[in-house]
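Read through the structure below, which is laid out as structure tokens, and then see the notes.
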Amino acid sequence: MDDGSAAVASTQPDPNSPSLEGLSEAEAAARRARGEGNDAAVPTSRSYAEIVRENVFSFITNCLFVLGLALVALGRPSDALVSVGVVLANALVGVVQEIRAKRTLDRIALLTLPTAVIVRDGREREVDPGEIVRGDVIAIGPGDQIAADGKLIGVGSVDVDESLLTGESHLLTKRAGDSVLSGSLCAAGRGFYVADSVGSRGLAYQLAAGARAFRREYTPLQREINLLIRIVLLVAGFLEILLIVDTAIAHRPFVDLVARSVVVIGLVPNGLVLAIAVAYGAGALRIVGRGILVQEANAVESLSQVDVLCLDKTGTLTTGRHRVEEMRPIGVSSPEIQDLLGDFAAAVTTPNRTIASIAHAYPRATRLIRTEVPFLSERRWSALSFADSIRPEVYVLGAPEIVDRHRLSDGGIGPDIAGWSERGLRVLLLARGNDPDVMYDERGTARLPVDLTPLGLIGLGDEIRSGARERLEQFAATGIGLKVISGDDPSTVSALARRVGLGSPATVASGADLPKTGESALERMSEETTIFGRVTPGQKWDVVEALRRRGHHVAMIGDGINDVLALKAANLGIALGSGSPATRAVADLVLIADSFENLPRAFREGQRIQNGMQNVLKLFLTRVLAVALLLIATGIVGEFPLGPKHNALLALFTVGIPSIALAVWARPGRVGQHRLLSLLHFVFPAALVLTLVALGVHLGFYLGAEREILAARPESALAYVDAVAIPIAQSALTSFAIFCGLLLLLFVAPPVEPLGDGSPVTPDRRPAILALILGAVYLLVLASPTLRQFFDLTPLSIAAYLLLGALAILWGLVLRWTWRSWILERFLGIAPGIRPAPK
């Protein structure tokens, strides 16, 4: 009997079972009418309208849109364009990114079978899987995907591959009454099952719905920036109230209130969003050529924040293939047993992963076979005889306790089997018999030959992915906690974990051990346990969520459908390129070549982004604090210091262009542990000194212009004086602030030691060159009457510009002394290395 007939004979359902008649068409129609069909549509992620509304019509953008419309209505469209343009560009970038993510999620589908075979009115017919209803009898055979959750009926068994759904690395033998899961595959045997969970109640639907669910995962850096923006927004709101009160008391024109409101709202550092988007894009471009695809903009930076890394076993730590780790001949030579193993593997008509690994280790030409018993999980052995053998022989390959249970200790092989099994190896025994005609009985049922002679043991282990052990050791050395969360047997997972360096010490738990109630108990176990086995997809989610509630930044690496929920729950989801389409779709990073080799490079890119944004924050916070203090100070002792175009020009030259450049040019390296203190050390002295000097510049040029006007025309009214003097003061202040901002760029990335605030000197000269180029461009703006008029700049004398440049240099010297003397830290009592004097 050939292979196919043997498989059918072992799985043929009982024809006398009345349930095999299936439903009638009338019953099926009635059940579909009651909503028991398999055609439930998986919900999509957010709508396009929601994406546009959340990105384009946020509170800040709405405020700016209203002010922009008011400026247009008051005849100042250029002010409106300058004020609203950058914010609108940021919003459009966000819309494009989220629409791309939505389309990726909406394409996720776990069920890929084009048709299913159902039994209706006692007859089999092919239908679209959506036509299945609860109670339908469905036929399955090798290679078929199971379309709905259900239970097997009839006699016999089938082997089912649930690895993508549960992480179980071995085929599972299912018999009558056993459950089968939608999305799993029938690997061997034929049978029937009854659909009992269809549509939205099926596992495949629930996993697909979870995969498609929208999530927005912010990194710590993004949360810090969002908090900063909210704080500045509160400050801007306070200043706006003061402006309204001042306008009412002083009876100022409404157009002045709108123009000043644009400047106040401009304090909100929306440009930070654009800068971080550019930093993320640059990081993605740097590593995409290294075999890592970035699907979520913040993924690279998120990787550098990870302190717990969770991994699946099957297909993630391992390649999903087996490898011959050990081989021991018994009574024959090593070359002879290798040839026999190679002949056996080459001749098998339906090779599985085990046979494929043996064939790879011992390649041989294919020999014709006379009789074959294919492997089934319930048998745990396979056998064949060769047509070209000189004498009748049969070879059997299988589990030692099945193939030769009575003589395991012969030749001292028992200790080898035990030792190999403890290492997590799958042990097989090759034996030889002398009667190939006893492989099937008279009914065609396969039976194990008797009087077998052991020829050799072979130990197969999961093939570890290239670079996995070395990269995981690197992560562990940096303090990142490592955990394996798998649906496979805990002992198997534990043995593999020891092979990749996670075994000393390692606490092991199974899914059955996880607490059913109480978040604190689950959090404690998740924290203390290193290896989790026999966990369901939902339990993977629970473990990851528990770790996050403990304050960890969690990354999850997986490849199967069973990892989808955990990837969604993690701060950072990483999929393998060979993984399921659903897993790749929900992941933030995809390892295209399934290699761990470049994860450390991506980690360093994340550090680069953090370092770059630290410099960008220094520029933005200095500008925001200085302008805010200046607005408050001039409200007390003078006129409003800046117009909308002045503010836009100042933002463009001091933070707009420089922040983009610093984000792209940032260098990788260890991220400082005291980022807040570093920002305080840089920003507060810079902003305070800048405010004082800028206030003096504004008042000095205003009073100087006023004196000249009154000297020339003593009878001039105050309104006329203000109309001439205020633009001069505002232009002088704008030029001085831009000069200081360009000098600040040199302080942020000092090319030489004297320019720094004590931070390390950078060998990169590009920031210094950029400062010189921007300075030259601004001088061209000052020299062009058209550009001066567009930006409302009043021309000053050359002597005035030289004076402003000298004051900027003086500001820099005072600032450097303030930094190097730790004035702020001494005042706050946090100066490094300074101890209070003994009393």
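Residue numbering restarts at 1 for every chain of the structure tokens, chains are lettered A, B, ... in their displayed order, and ligands are numbered from 1 as they appear.
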Find the residues near Ser659 (chain A): any atom within 10 Å, counting only C-alpha atoms, skip ones fewer than 6 places away on the same chain, and give them as a list in words.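 Everything that qualifies: Gly271, Leu272, Leu274, Ala275, Ile276, Val278, Ala279, Gly612, Met613, Asn615, Val616, Leu617, Lys618, Leu619, Phe620, Leu652, Phe653, Trp665 and Leu745 of chain A.
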Kindly export the residues of the current selection with C-alpha atoms, as a PDB file, in the first residue's frame.
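Output (again-v3.pdb):
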```
ATOM      1  CA  GLY A 271       8.804  72.859  15.410  1.00  0.00           C
ATOM      2  CA  LEU A 272       9.949  70.206  17.862  1.00  0.00           C
ATOM      3  CA  LEU A 274       9.014  68.469  12.832  1.00  0.00           C
ATOM      4  CA  ALA A 275      12.538  68.125  14.227  1.00  0.00           C
ATOM      5  CA  ILE A 276      11.800  64.787  15.837  1.00  0.00           C
ATOM      6  CA  VAL A 278      13.248  64.436  10.686  1.00  0.00           C
ATOM      7  CA  ALA A 279      15.412  62.707  13.305  1.00  0.00           C
ATOM      8  CA  GLY A 612      20.358  65.061  18.757  1.00  0.00           C
ATOM      9  CA  MET A 613      17.014  65.925  20.338  1.00  0.00           C
ATOM     10  CA  ASN A 615      20.671  69.563  21.548  1.00  0.00           C
ATOM     11  CA  VAL A 616      17.483  70.595  19.752  1.00  0.00           C
ATOM     12  CA  LEU A 617      15.702  70.995  23.087  1.00  0.00           C
ATOM     13  CA  LYS A 618      18.472  73.300  24.259  1.00  0.00           C
ATOM     14  CA  LEU A 619      17.823  75.629  21.319  1.00  0.00           C
ATOM     15  CA  PHE A 620      14.042  75.542  21.591  1.00  0.00           C
ATOM     16  CA  LEU A 652      13.547  80.137  11.321  1.00  0.00           C
ATOM     17  CA  PHE A 653      17.175  81.193  11.833  1.00  0.00           C
ATOM     18  CA  TRP A 665      23.920  65.355  12.276  1.00  0.00           C
ATOM     19  CA  LEU A 745      24.410  76.935  17.867  1.00  0.00           C
TER      20      LEU A 745
END
```
How would you write, as a VMD selection string, the set of residues in region 610-762 of chain A that DSSP gives as alpha helix (DSSP H)? chain A and resid 610 to 637 644 to 651 657 to 665 675 to 712 718 to 748
Pick from A:Pro363, A:Gly444, A:Gly656, A:Gly331: nearest to Asp343 (chain A), with only C-alpha atoms counted?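 Looking only at the distances to Asp343 (chain A), the closest residue turns out to be A:Pro363.
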Near region 130-146 of chain A, within 6 Å and counting only C-alpha atoms, which residues show up once chain neighbours fewer than 2 positions away are dropped, as a PyMOL selection string? chain A and resi 22+36-39+117-119+128+148+182-196
Measure the distance from CA of Leu780 (chain A) to CA of Asn647 (chain A) in Å and round it to one decimal. 18.2 Å
Any idea what the distance is between CA of Arg53 (chain A) and CA of Phe65 (chain A)?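 It comes out at 13.6 Å.
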Which residue of A:Ser784, A:Ala282, A:Ile574, A:Ile413 approaches Arg667 (chain A) most closely, using only C-alpha atoms: A:Ala282
Counting only C-alpha atoms, what is within 12 Å of region 808-814 of chain A, bar same-chain residues fewer than 6 positions away, as JSON, numbers by chain? {"A": [685, 686, 687, 688, 689, 690, 691, 692, 693, 694, 696, 697, 732, 733, 734, 735, 736, 737, 738, 739, 740, 741, 742, 743, 744, 745, 746, 747, 754, 755, 756, 757, 801, 802, 820, 821, 823]}
At what distance in Å, to one decimal, does CA of Gln222 (chain A) lie from CA of His552 (chain A)?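 If I compute the distance from CA of His552 (chain A) to CA of Gln222 (chain A), I get 16.0 Å.
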Using only C-alpha atoms, which residue out of A:Pro253, A:Gly156, A:Gly560, A:Gly35 lies closest to Thr445 (chain A)?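 Selected residue with least distance to Thr445 (chain A): A:Gly156.
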Pick from A:Arg623, A:Pro415, A:Val294, A:Leu376 nearest to Leu172 (chain A), counting only C-alpha atoms: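 Of A:Arg623, A:Pro415, A:Val294, A:Leu376, the one nearest Leu172 (chain A), counting only C-alpha atoms, is A:Leu376.
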